[in-house]
Amino acid sequence: MKFFSFKAVAGAAVAVVLMFQGATAQEMKFFRIGTGGTAGTYYPIGGLIANAISNPPGSRACNEGGSCGVPGLIATAVASNGSVGNVNSIKGGTLEAGFSQSDVAYWAQTGTGLWDGQPAVENLRLIANLYPESIHLVARKDAGIASVADLKGKKVSLDEPGSGTLVDAKIILEAFGLSEADISPEYLKPDQAADRMRDGAMDAFFFVGGYPAGAIAELSSQHDVVLVPIAGPEVDKLRQTYTFFATDKFPAGTYKGQDADVPTISVGAQLVTSAEQPEDLVYGITQALFNATTQKLFAAGHAKGKNITLDNSVQGAGIPFHPGAEKFYREAGKVK
């Protein structure tokens, strides 16, 4: 009799556990974030964000040292080919969110630039601007280039065909009254352009990325180069037209021989999603990104994590915010 009772109790316990597991499974939601290659910056930052917004069933409460993410959410950082691939995967529904440069997001959402001739990804929406990717214009010190306007007649690399840097470089040239016809253009990767500069066969080149950039740091340690300011009324006007650009600067000492701050502009590394994602979910994700606990984890977890702040989150927004993110920023007083 005792044996039968034990079996009955055990069976009931198993049933309760199975029922709980079933309910838990129903409450879970998976959220895939496309990043970039595993050797780049997007991937580790994506991992930090995935951990920050996740809150699996059974996790300890935030105020007890547990997860401060969205209840029931399990987010994962997925290695990818970067901005363009992430945008296409969000459009196709194989990713819920992803990293993109702000310029690429703008071109995709508006069907311009890199997306010229392709259907616009009209449902693309912004969750947060994360950190700046600065536009470098590097020149040989003896080339006599003190401003963008001085590039006229010079040998200048604009980066590879199909790159975001090439489109950005054309926009900047146009702002200063120049076109590719006014320079001797080359279309090389930054490290190839740096090699040509070492040989005296290149006057200047454009590069978009976080600083200090390895190829430029190495070049400046071996040769006399300068960072050319990208600033002035021409840039102020440019930013009115292309809202995905934000003001930026290279602090003194970023590269060898750079004794003063150099103003420039930047595109943002952004977290984007689809307008079809639920408003309450994206609101919860945005809220989780900017609570005090998460901010400490970002700052400690990666050099770029210190830039992922509430103040920076709404800078250089070239595409519409997702309604859930916009609701959070409105409540935080960051958008009107």
# chains A, B, ... in the order shown; residues from 1 in each chain; ligands from 1
call {"tool": "select_by_dssp", "arguments": {"residues": "segment 88-169 of chain A", "states": "alpha helix (DSSP H)", "output": "PyMOL selection string"}}
result
chain A and resi 88-92+102-110+164-169
call {"tool": "residues_around", "arguments": {"residues": "segment 319-334 of chain A", "least_positions_apart": "6", "cutoff": "12 Å", "atoms": "only C-alpha atoms", "output": "NGL selection string"}}
result
:A and (97 or 100-111 or 121-129 or 242-245 or 268 or 270-291 or 309-313)
call {"tool": "residues_around", "arguments": {"residues": "segment 86-91 of chain A", "least_positions_apart": "5", "cutoff": "6 Å", "atoms": "only C-alpha atoms", "output": "ChimeraX atom specification"}}
result
/A:34,96,98
call {"tool": "write_last_selection", "arguments": {"atoms": "C-alpha atoms", "output": "compact mmCIF listing (two decimals), in the first residue's frame"}}
result
# COMPACT_ATOMS: atom_id res chain seq x y z
CA GLY A 34 22.66 39.31 -36.48
CA GLU A 96 14.52 39.39 -35.39
CA GLY A 98 20.67 42.94 -36.28
call {"tool": "select_by_dssp", "arguments": {"residues": "segment 23-208 of chain A", "states": "strand (DSSP E)", "output": "VMD selection string"}}
result
chain A and resid 29 to 34 73 to 78 97 to 101 124 to 140 155 to 157 184 to 186 204 to 208
call {"tool": "atom_distance", "arguments": {"atom1": "atom CA of Glu160 of chain A", "atom2": "atom CA of Leu114 of chain A"}}
result
12.5 Å
call {"tool": "closest_residue", "arguments": {"among": "A:Ile145, A:Met28, A:Ala193, A:Ile265", "to": "Glu133 of chain A", "atoms": "only C-alpha atoms"}}
result
A:Ile265
